[in-house]
$ cat protein-v6.pdb   # PDB, C-alpha atoms and all ligand atoms
MODEL        1
ATOM      1  CA  MET D1484       7.451  76.791  -2.770
ATOM      2  CA  ASN D1485       8.798  74.272  -0.262
ATOM      3  CA  ALA D1486       5.241  73.156   0.476
ATOM      4  CA  GLU D1487       4.683  72.558  -3.233
ATOM      5  CA  GLN D1488       7.948  70.622  -3.527
ATOM      6  CA  ARG D1489       7.121  68.557  -0.477
ATOM      7  CA  ARG D1490       3.719  67.705  -1.942
ATOM      8  CA  ASN D1491       5.337  66.776  -5.236
ATOM      9  CA  PHE D1492       7.918  64.520  -3.566
ATOM     10  CA  SER D1493       5.240  63.028  -1.272
ATOM     11  CA  GLU D1494       3.068  62.126  -4.241
ATOM     12  CA  ARG D1495       5.993  60.573  -6.051
ATOM     13  CA  TYR D1496       7.006  58.440  -3.064
ATOM     14  CA  ALA D1497       3.354  57.379  -2.599
ATOM     15  CA  ALA D1498       3.151  56.406  -6.284
ATOM     16  CA  GLY D1499       6.532  54.637  -6.243
ATOM     17  CA  ASP D1500       7.734  57.097  -8.896
ATOM     18  CA  MET D1501      11.331  57.601  -7.675
ATOM     19  CA  PRO D1502      13.784  57.231 -10.570
ATOM     20  CA  TRP D1503      16.557  58.592  -8.294
ATOM     21  CA  ASP D1504      16.119  55.688  -5.888
ATOM     22  CA  SER D1505      18.466  53.165  -7.488
ATOM     23  CA  GLY D1506      18.897  51.213  -4.262
ATOM     24  CA  ILE D1507      22.662  51.481  -4.798
ATOM     25  CA  THR D1508      25.067  53.724  -2.907
ATOM     26  CA  PRO D1509      27.125  55.800  -5.368
ATOM     27  CA  PRO D1510      30.821  54.881  -5.815
ATOM     28  CA  GLU D1511      31.839  58.404  -4.734
ATOM     29  CA  ILE D1512      30.439  57.595  -1.279
ATOM     30  CA  PHE D1513      32.208  54.232  -1.100
ATOM     31  CA  GLU D1514      35.394  56.025  -2.112
ATOM     32  CA  ILE D1515      35.257  58.401   0.841
ATOM     33  CA  LEU D1516      34.173  55.628   3.219
ATOM     34  CA  SER D1517      37.304  53.700   2.230
ATOM     35  CA  GLU D1518      39.391  56.705   3.389
ATOM     36  CA  LEU D1519      37.665  57.673   6.645
ATOM     37  CA  PRO D1520      37.451  55.770   9.917
ATOM     38  CA  PRO D1521      33.850  55.175  11.058
ATOM     39  CA  GLY D1522      32.322  58.206  12.729
ATOM     40  CA  LYS D1523      29.083  60.176  12.667
ATOM     41  CA  ALA D1524      27.318  61.015   9.421
ATOM     42  CA  LEU D1525      24.331  63.127   8.457
ATOM     43  CA  ASP D1526      22.405  62.399   5.250
ATOM     44  CA  LEU D1527      20.383  65.419   4.093
ATOM     45  CA  GLY D1528      17.402  64.385   1.966
ATOM     46  CA  CYS D1529      18.107  60.757   2.867
ATOM     47  CA  GLY D1530      15.209  59.345   0.819
ATOM     48  CA  THR D1531      14.737  55.618   1.509
ATOM     49  CA  GLY D1532      17.983  55.267   3.506
ATOM     50  CA  THR D1533      20.173  53.330   1.069
ATOM     51  CA  VAL D1534      23.323  55.355   1.827
ATOM     52  CA  MET D1535      22.607  55.260   5.566
ATOM     53  CA  ARG D1536      22.426  51.457   5.397
ATOM     54  CA  ASP D1537      25.886  51.257   3.843
ATOM     55  CA  LEU D1538      27.271  53.661   6.437
ATOM     56  CA  LEU D1539      25.792  51.574   9.251
ATOM     57  CA  ARG D1540      27.155  48.351   7.762
ATOM     58  CA  ARG D1541      30.621  49.928   8.002
ATOM     59  CA  GLY D1542      30.269  50.860  11.650
ATOM     60  CA  TRP D1543      29.182  54.473  11.225
ATOM     61  CA  ARG D1544      26.406  56.144  13.159
ATOM     62  CA  ALA D1545      24.028  57.858  10.781
ATOM     63  CA  ASP D1546      21.281  60.440  11.068
ATOM     64  CA  GLY D1547      18.984  61.071   8.123
ATOM     65  CA  ILE D1548      16.584  63.892   7.359
ATOM     66  CA  ASP D1549      13.840  64.004   4.767
ATOM     67  CA  PHE D1550      10.687  66.101   4.652
ATOM     68  CA  VAL D1551       8.545  63.313   3.175
ATOM     69  CA  GLN D1552       6.977  60.889   5.643
ATOM     70  CA  GLY D1553       6.722  58.198   2.939
ATOM     71  CA  ALA D1554      10.504  58.329   2.449
ATOM     72  CA  ILE D1555      11.133  58.181   6.195
ATOM     73  CA  ASP D1556       8.804  55.149   6.496
ATOM     74  CA  LEU D1557      10.670  53.318   3.718
ATOM     75  CA  ALA D1558      14.012  54.210   5.318
ATOM     76  CA  ARG D1559      12.799  52.958   8.697
ATOM     77  CA  ASP D1560      11.925  49.582   7.143
ATOM     78  CA  LYS D1561      15.306  49.403   5.406
ATOM     79  CA  LEU D1562      17.219  50.209   8.602
ATOM     80  CA  GLN D1563      15.199  48.192  11.096
ATOM     81  CA  GLN D1564      18.014  45.675  11.773
ATOM     82  CA  PHE D1565      20.304  48.395  13.151
ATOM     83  CA  PRO D1566      20.178  49.521  16.811
ATOM     84  CA  ALA D1567      18.024  52.620  17.199
ATOM     85  CA  GLU D1568      20.816  54.658  18.786
ATOM     86  CA  THR D1569      23.054  54.149  15.744
ATOM     87  CA  CYS D1570      20.565  55.443  13.186
ATOM     88  CA  ARG D1571      17.988  58.129  13.597
ATOM     89  CA  LEU D1572      15.513  59.473  11.084
ATOM     90  CA  PHE D1573      13.888  62.877  11.183
ATOM     91  CA  ARG D1574      11.016  64.185   9.098
ATOM     92  CA  HIS D1575      12.178  67.753   8.762
ATOM     93  CA  ASP D1576      13.019  70.494   6.276
ATOM     94  CA  VAL D1577      16.789  70.664   5.628
ATOM     95  CA  THR D1578      16.521  74.430   5.167
ATOM     96  CA  LYS D1579      15.612  74.643   8.881
ATOM     97  CA  LEU D1580      18.428  72.645  10.455
ATOM     98  CA  ASP D1581      18.719  75.151  13.308
ATOM     99  CA  THR D1582      15.281  74.065  14.582
ATOM    100  CA  LEU D1583      16.247  70.372  14.762
ATOM    101  CA  THR D1584      17.850  70.387  18.184
ATOM    102  CA  SER D1585      18.349  66.606  18.529
ATOM    103  CA  LEU D1586      20.984  66.373  15.810
ATOM    104  CA  ARG D1587      24.388  64.979  16.890
ATOM    105  CA  ALA D1588      26.457  67.764  15.347
ATOM    106  CA  PRO D1589      29.285  68.142  14.719
ATOM    107  CA  TYR D1590      29.492  65.305  12.170
ATOM    108  CA  ASP D1591      32.521  63.742  10.471
ATOM    109  CA  LEU D1592      30.631  63.474   7.224
ATOM    110  CA  VAL D1593      27.616  65.305   5.787
ATOM    111  CA  ILE D1594      26.032  63.997   2.595
ATOM    112  CA  ASP D1595      23.601  65.656   0.204
ATOM    113  CA  ILE D1596      22.706  63.548  -2.799
ATOM    114  CA  GLY D1597      20.181  65.411  -4.902
ATOM    115  CA  CYS D1598      18.496  67.357  -2.110
ATOM    116  CA  GLY D1599      20.075  70.821  -1.861
ATOM    117  CA  HIS D1600      19.693  71.488  -5.570
ATOM    118  CA  CYS D1601      15.890  71.219  -5.103
ATOM    119  CA  ILE D1602      15.516  73.893  -2.469
ATOM    120  CA  ASP D1603      14.301  77.434  -3.139
ATOM    121  CA  LYS D1604      16.923  79.789  -4.513
ATOM    122  CA  GLU D1605      16.283  82.208  -1.610
ATOM    123  CA  ALA D1606      16.851  79.409   0.927
ATOM    124  CA  ALA D1607      20.120  78.215  -0.642
ATOM    125  CA  PRO D1608      22.504  80.684   1.097
ATOM    126  CA  GLY D1609      21.086  79.803   4.534
ATOM    127  CA  TYR D1610      21.340  76.102   3.736
ATOM    128  CA  ALA D1611      24.949  76.488   2.592
ATOM    129  CA  LYS D1612      25.784  78.454   5.735
ATOM    130  CA  ALA D1613      24.392  75.683   7.954
ATOM    131  CA  ILE D1614      26.563  72.895   6.464
ATOM    132  CA  PRO D1615      29.904  73.964   8.035
ATOM    133  CA  GLN D1616      28.089  74.369  11.359
ATOM    134  CA  MET D1617      27.112  70.679  11.106
ATOM    135  CA  LEU D1618      30.720  69.561  10.473
ATOM    136  CA  LYS D1619      33.769  68.953  12.641
ATOM    137  CA  VAL D1620      36.893  70.819  11.603
ATOM    138  CA  GLY D1621      38.380  68.620   8.873
ATOM    139  CA  GLY D1622      34.997  66.954   8.294
ATOM    140  CA  ALA D1623      33.829  66.139   4.780
ATOM    141  CA  PHE D1624      30.784  67.287   2.831
ATOM    142  CA  MET D1625      29.804  65.194  -0.186
ATOM    143  CA  LEU D1626      27.397  66.911  -2.555
ATOM    144  CA  TYR D1627      25.702  65.630  -5.675
ATOM    145  CA  ALA D1628      23.746  68.144  -7.744
ATOM    146  CA  SER D1629      22.382  68.195 -11.260
ATOM    147  CA  HIS D1630      23.164  71.225 -13.410
ATOM    148  CA  PRO D1631      20.367  73.708 -14.167
ATOM    149  CA  ARG D1632      18.211  73.116 -17.196
ATOM    150  CA  PRO D1633      15.636  75.377 -18.828
ATOM    151  CA  ASP D1634      12.589  73.195 -18.103
ATOM    152  CA  SER D1635      13.179  72.856 -14.345
ATOM    153  CA  THR D1636      13.744  74.891 -11.184
ATOM    154  CA  VAL D1637      16.033  72.106  -9.905
ATOM    155  CA  GLY D1638      19.795  72.337 -10.346
ATOM    156  CA  TRP D1639      22.956  74.093  -9.276
ATOM    157  CA  ALA D1640      25.661  75.202 -11.690
ATOM    158  CA  PRO D1641      29.196  74.338 -10.531
ATOM    159  CA  ALA D1642      30.046  78.049 -10.203
ATOM    160  CA  GLU D1643      26.969  78.537  -7.998
ATOM    161  CA  VAL D1644      27.983  75.577  -5.816
ATOM    162  CA  GLU D1645      31.448  77.061  -5.331
ATOM    163  CA  ARG D1646      29.996  80.476  -4.534
ATOM    164  CA  LEU D1647      27.595  78.974  -1.989
ATOM    165  CA  PHE D1648      29.935  76.621  -0.146
ATOM    166  CA  THR D1649      33.395  78.268  -0.164
ATOM    167  CA  PRO D1650      35.331  79.743   1.634
ATOM    168  CA  LYS D1651      33.892  78.130   4.803
ATOM    169  CA  LEU D1652      34.533  74.843   3.049
ATOM    170  CA  ASN D1653      37.492  73.922   0.850
ATOM    171  CA  LEU D1654      36.673  72.306  -2.458
ATOM    172  CA  VAL D1655      38.757  69.104  -2.566
ATOM    173  CA  TRP D1656      37.524  67.928  -5.960
ATOM    174  CA  HIS D1657      34.704  68.354  -8.465
ATOM    175  CA  ARG D1658      33.713  65.755 -11.071
ATOM    176  CA  GLN D1659      31.239  66.358 -13.849
ATOM    177  CA  GLY D1660      29.173  63.616 -15.426
ATOM    178  CA  THR D1661      25.666  62.706 -16.498
ATOM    179  CA  ASP D1662      22.826  61.583 -14.275
ATOM    180  CA  THR D1663      21.826  58.391 -16.062
ATOM    181  CA  ALA D1664      18.465  58.211 -14.198
ATOM    182  CA  ILE D1665      17.233  61.463 -15.733
ATOM    183  CA  GLY D1666      19.790  62.068 -18.500
ATOM    184  CA  VAL D1667      21.036  65.490 -17.364
ATOM    185  CA  ALA D1668      24.499  66.905 -16.653
ATOM    186  CA  SER D1669      25.435  66.704 -13.011
ATOM    187  CA  SER D1670      28.396  66.993 -10.649
ATOM    188  CA  TRP D1671      29.854  65.466  -7.542
ATOM    189  CA  TYR D1672      31.771  67.682  -5.132
ATOM    190  CA  ARG D1673      33.890  66.840  -2.144
ATOM    191  CA  PHE D1674      34.404  69.637   0.373
ATOM    192  CA  GLN D1675      36.358  69.755   3.590
ATOM    193  CA  ARG D1676      35.656  72.040   6.537
ATOM    194  CA  THR D1677      38.595  74.309   7.254
TER     195      THR D1677
HETATM  196  C1  LIG D1701      16.326  63.290  -5.619
HETATM  197  S1  LIG D1701      15.824  62.689  -4.048
HETATM  198  C2  LIG D1701      17.312  61.896  -3.477
HETATM  199  C3  LIG D1701      17.066  60.988  -2.298
HETATM  200  C4  LIG D1701      18.323  60.282  -1.768
HETATM  201  N1  LIG D1701      19.349  61.226  -1.357
HETATM  202  C5  LIG D1701      18.862  59.346  -2.817
HETATM  203  O1  LIG D1701      19.978  59.576  -3.306
HETATM  204  O2  LIG D1701      18.163  58.364  -3.141
HETATM  205  C6  LIG D1701      15.787  64.186  -3.065
HETATM  206  C7  LIG D1701      15.304  63.916  -1.645
HETATM  207  O3  LIG D1701      15.404  65.121  -0.904
HETATM  208  C8  LIG D1701      14.208  65.312  -0.175
HETATM  209  N2  LIG D1701      14.073  66.761   0.001
HETATM  210  C9  LIG D1701      14.001  67.726  -0.972
HETATM  211  N3  LIG D1701      13.930  68.947  -0.428
HETATM  212  C10 LIG D1701      13.980  68.752   0.925
HETATM  213  C11 LIG D1701      13.940  69.637   2.036
HETATM  214  N4  LIG D1701      13.830  70.961   1.869
HETATM  215  N5  LIG D1701      14.019  69.104   3.271
HETATM  216  C12 LIG D1701      14.122  67.763   3.453
HETATM  217  N6  LIG D1701      14.144  66.879   2.449
HETATM  218  C13 LIG D1701      14.076  67.376   1.191
HETATM  219  C14 LIG D1701      13.108  64.655  -1.006
HETATM  220  O4  LIG D1701      11.990  64.290  -0.261
HETATM  221  C15 LIG D1701      13.864  63.453  -1.581
HETATM  222  O5  LIG D1701      13.768  62.331  -0.743
ENDMDL
END
$ encode --input "protein-v6.pdb" --output "structure tokens" --more "lines below"
Ligand SMILES: C[S@@+](CC[C@H](N)C(=O)[O-])C[C@H]1O[C@@H](n2cnc3c(N)ncnc32)[C@H](O)[C@@H]1O
Amino acid sequence: MNAEQRRNFSERYAAGDMPWDSGITPPEIFEILSELPPGKALDLGCGTGTVMRDLLRRGWRADGIDFVQGAIDLARDKLQQFPAETCRLFRHDVTKLDTLTSLRAPYDLVIDIGCGHCIDKEAAPGYAKAIPQMLKVGGAFMLYASHPRPDSTVGWAPAEVERLFTPKLNLVWHRQGTDTAIGVASSWYRFQRT
């Protein structure tokens, strides 16, 4: 299934069909950046690197992972003005974080905007288990996920998100809204590693 998803995402990046790629970092991310001192961040499913660019502009170091080479290439272009040691990009599957040995864990901040909710249902518990291992104690995990809908395999219900990510992580807040790019219900979550 992951191979099929990767092919689907690859084709969409190649065709420029990325409605999620607004080129704007979400306000929820700016909100947390206004609270935290610069540190190390990991963006899971980083796409074209928009959020990484805003992290780097604020003095953070940022690592990004995406399994589509086309996304990584676009991110590399977007981030070329930053020193290589401050931003690193990896073409890799986020469900296999344990095999990516060059990560700079533990991170102060881990971000997943629209990536985790795409992964196979069987892979979700392993993915959720890996997030606290990527975080410092007290570190933050920002998650954005659309809610499930009948015509798609993508989506996490809020109750499923809570089941997956607590108690290793504390839920700090949860905000429901609508994804204006695709017109579906969605949620932001802020977790903290205990
Ligand atoms: C909806 S897009 C969001 C991209 C970016 N976070 C943003 O907000 O623009 C989801 C991204 O996750 C990536 N992705 C999905 N499943 C992945 C996986 N298992 N491993 C790595 N990347 C994955 C896709 O290639 C895509 O770039």
$ resolve_selection --input "protein-v6.pdb" --expression "the PyMOL selection byres (((chain D and resi 1558-1575) around 8) and not hetatm)" --output "list in words"
Gly1530, Thr1531, Gly1532, Thr1533, Met1535, Arg1536, Leu1539, Trp1543, Arg1544, Ala1545, Asp1546, Gly1547, Ile1548, Asp1549, Phe1550, Val1551, Gln1552, Ala1554, Ile1555, Asp1556, Leu1557, Asp1576, Val1577, Lys1579 and Leu1583 of chain D
$ closest_residue --input "protein-v6.pdb" --among "D:Asp1634, D:Asp1581, D:Asp1595, D:Glu1511" --to "ligand LIG 1701 (chain D)" --atoms "only C-alpha atoms and all ligand atoms"
D:Asp1595
$ atom_distance --input "protein-v6.pdb" --atom1 "CA of Ala1606 (chain D)" --atom2 "CA of Tyr1672 (chain D)"
19.9 Å
$ axis_aligned_box --input "protein-v6.pdb" --around "ligand LIG 1701 (chain D)" --padding-each-side "3 Å" --output "AutoDock Vina command-line options"
--center_x 16.0 --center_y 64.7 --center_z -1.1 --size_x 14.0 --size_y 18.6 --size_z 15.1
$ residues_around --input "protein-v6.pdb" --residues "Tyr1590 (chain D)" --least-positions-apart "2" --cutoff "9 Å" --atoms "only C-alpha atoms" --output "list in words"
Gly1522, Lys1523, Ala1524, Leu1525, Arg1587, Ala1588, Leu1592, Val1593, Met1617, Leu1618, Lys1619, Gly1622 and Ala1623 of chain D
$ resolve_selection --input "protein-v6.pdb" --expression "the PyMOL selection byres (((chain D and resi 1603) around 10) and not hetatm)" --output "short mmCIF file (atom, residue, chain, number, x, y, z; two decimals) with C-alpha atoms, keeping the file's coordinate frame"
data_model
loop_
_atom_site.label_atom_id
_atom_site.label_comp_id
_atom_site.auth_asym_id
_atom_site.auth_seq_id
_atom_site.Cartn_x
_atom_site.Cartn_y
_atom_site.Cartn_z
CA MET D 1484 7.45 76.79 -2.77
CA ASN D 1485 8.80 74.27 -0.26
CA GLN D 1488 7.95 70.62 -3.53
CA THR D 1578 16.52 74.43 5.17
CA GLY D 1599 20.08 70.82 -1.86
CA HIS D 1600 19.69 71.49 -5.57
CA CYS D 1601 15.89 71.22 -5.10
CA ILE D 1602 15.52 73.89 -2.47
CA LYS D 1604 16.92 79.79 -4.51
CA GLU D 1605 16.28 82.21 -1.61
CA ALA D 1606 16.85 79.41 0.93
CA ALA D 1607 20.12 78.22 -0.64
CA PRO D 1608 22.50 80.68 1.10
CA TYR D 1610 21.34 76.10 3.74
CA THR D 1636 13.74 74.89 -11.18
CA VAL D 1637 16.03 72.11 -9.90
#
$ atom_distance --input "protein-v6.pdb" --atom1 "CA of Cys1529 (chain D)" --atom2 "CA of Ile1594 (chain D)"
8.6 Å
$ closest_residue --input "protein-v6.pdb" --among "D:Val1644, D:Leu1654, D:Leu1519, D:Met1501" --to "Asp1591 (chain D)" --atoms "all atoms listed in the file"
D:Leu1519
$ closest_residue --input "protein-v6.pdb" --among "D:Ala1498, D:Ala1664, D:Ile1515, D:Ala1640" --to "ligand LIG 1701 (chain D)" --atoms "all atoms listed in the file"
D:Ala1664
$ closest_residue --input "protein-v6.pdb" --among "D:Thr1677, D:Pro1641, D:Ile1665, D:Pro1650" --to "Ser1505 (chain D)" --atoms "all atoms listed in the file"
D:Ile1665
$ resolve_selection --input "protein-v6.pdb" --expression "the PyMOL selection byres (((chain D and resi 1669) around 12) and not hetatm)" --output "PyMOL selection string"
chain D and resi 1596-1597+1600+1626-1632+1637-1641+1644+1657-1668+1670-1672
$ atom_distance --input "protein-v6.pdb" --atom1 "CA of Thr1649 (chain D)" --atom2 "CA of Thr1584 (chain D)"
25.3 Å
$ closest_residue --input "protein-v6.pdb" --among "D:Ala1613, D:Ala1497, D:Ala1642, D:Leu1538" --to "Ile1512 (chain D)" --atoms "all atoms listed in the file"
D:Leu1538
$ residues_around --input "protein-v6.pdb" --residues "Val1655 (chain D)" --least-positions-apart "5" --cutoff "7 Å" --atoms "only C-alpha atoms" --output "list in words"
Arg1673, Phe1674 and Gln1675 of chain D
$ closest_residue --input "protein-v6.pdb" --among "D:Asp1526, D:Asp1537, D:Glu1518, D:Glu1645" --to "ligand LIG 1701 (chain D)" --atoms "only C-alpha atoms and all ligand atoms"
D:Asp1526
$ decode --input "protein-v6.pdb" --residues "region 1557-1613 of chain D" --atoms "C-alpha atoms" --output "tab-separated table (two decimals), in the first residue's frame"
chain	number	residue	atom	x	y	z
D	1557	LEU	CA	11.52	21.21	-4.57
D	1558	ALA	CA	12.39	21.54	-0.88
D	1559	ARG	CA	16.10	21.59	-1.69
D	1560	ASP	CA	15.55	24.49	-4.10
D	1561	LYS	CA	13.47	26.36	-1.52
D	1562	LEU	CA	16.08	25.91	1.21
D	1563	GLN	CA	19.24	26.44	-0.81
D	1564	GLN	CA	20.13	29.75	0.91
D	1565	PHE	CA	20.48	28.06	4.31
D	1566	PRO	CA	23.73	26.38	5.44
D	1567	ALA	CA	23.64	22.65	4.77
D	1568	GLU	CA	24.29	21.74	8.40
D	1569	THR	CA	21.19	23.64	9.54
D	1570	CYS	CA	18.76	21.87	7.23
D	1571	ARG	CA	18.84	18.32	6.02
D	1572	LEU	CA	16.44	16.51	3.75
D	1573	PHE	CA	15.92	12.77	3.61
D	1574	ARG	CA	13.99	10.75	1.06
D	1575	HIS	CA	12.64	8.11	3.38
D	1576	ASP	CA	9.47	6.44	4.63
D	1577	VAL	CA	8.30	7.97	7.93
D	1578	THR	CA	6.97	4.58	9.02
D	1579	LYS	CA	10.61	3.38	9.11
D	1580	LEU	CA	12.23	6.08	11.23
D	1581	ASP	CA	14.32	3.49	13.08
D	1582	THR	CA	16.27	2.80	9.86
D	1583	LEU	CA	17.21	6.47	9.37
D	1584	THR	CA	20.28	6.56	11.58
D	1585	SER	CA	21.46	10.08	10.67
D	1586	LEU	CA	18.55	11.85	12.34
D	1587	ARG	CA	19.47	14.34	15.10
D	1588	ALA	CA	17.03	12.98	17.68
D	1589	PRO	CA	15.95	13.93	20.22
D	1590	TYR	CA	14.17	16.98	18.76
D	1591	ASP	CA	12.51	19.93	20.51
D	1592	LEU	CA	9.71	19.92	17.99
D	1593	VAL	CA	8.29	17.26	15.65
D	1594	ILE	CA	5.76	18.30	13.02
D	1595	ASP	CA	3.39	16.20	10.94
D	1596	ILE	CA	1.14	18.21	8.66
D	1597	GLY	CA	-0.99	15.85	6.64
D	1598	CYS	CA	1.44	12.93	6.48
D	1599	GLY	CA	0.62	10.46	9.27
D	1600	HIS	CA	-3.05	10.33	8.36
D	1601	CYS	CA	-2.02	8.90	4.94
D	1602	ILE	CA	-0.09	5.91	6.21
D	1603	ASP	CA	-1.44	2.36	6.31
D	1604	LYS	CA	-3.69	1.58	9.25
D	1605	GLU	CA	-1.40	-1.33	10.25
D	1606	ALA	CA	1.64	0.98	10.26
D	1607	ALA	CA	-0.02	3.68	12.39
D	1608	PRO	CA	0.73	2.18	15.86
D	1609	GLY	CA	4.44	1.80	15.01
D	1610	TYR	CA	4.54	5.34	13.66
D	1611	ALA	CA	2.86	6.70	16.79
D	1612	LYS	CA	5.28	4.77	18.99
D	1613	ALA	CA	8.28	6.29	17.18
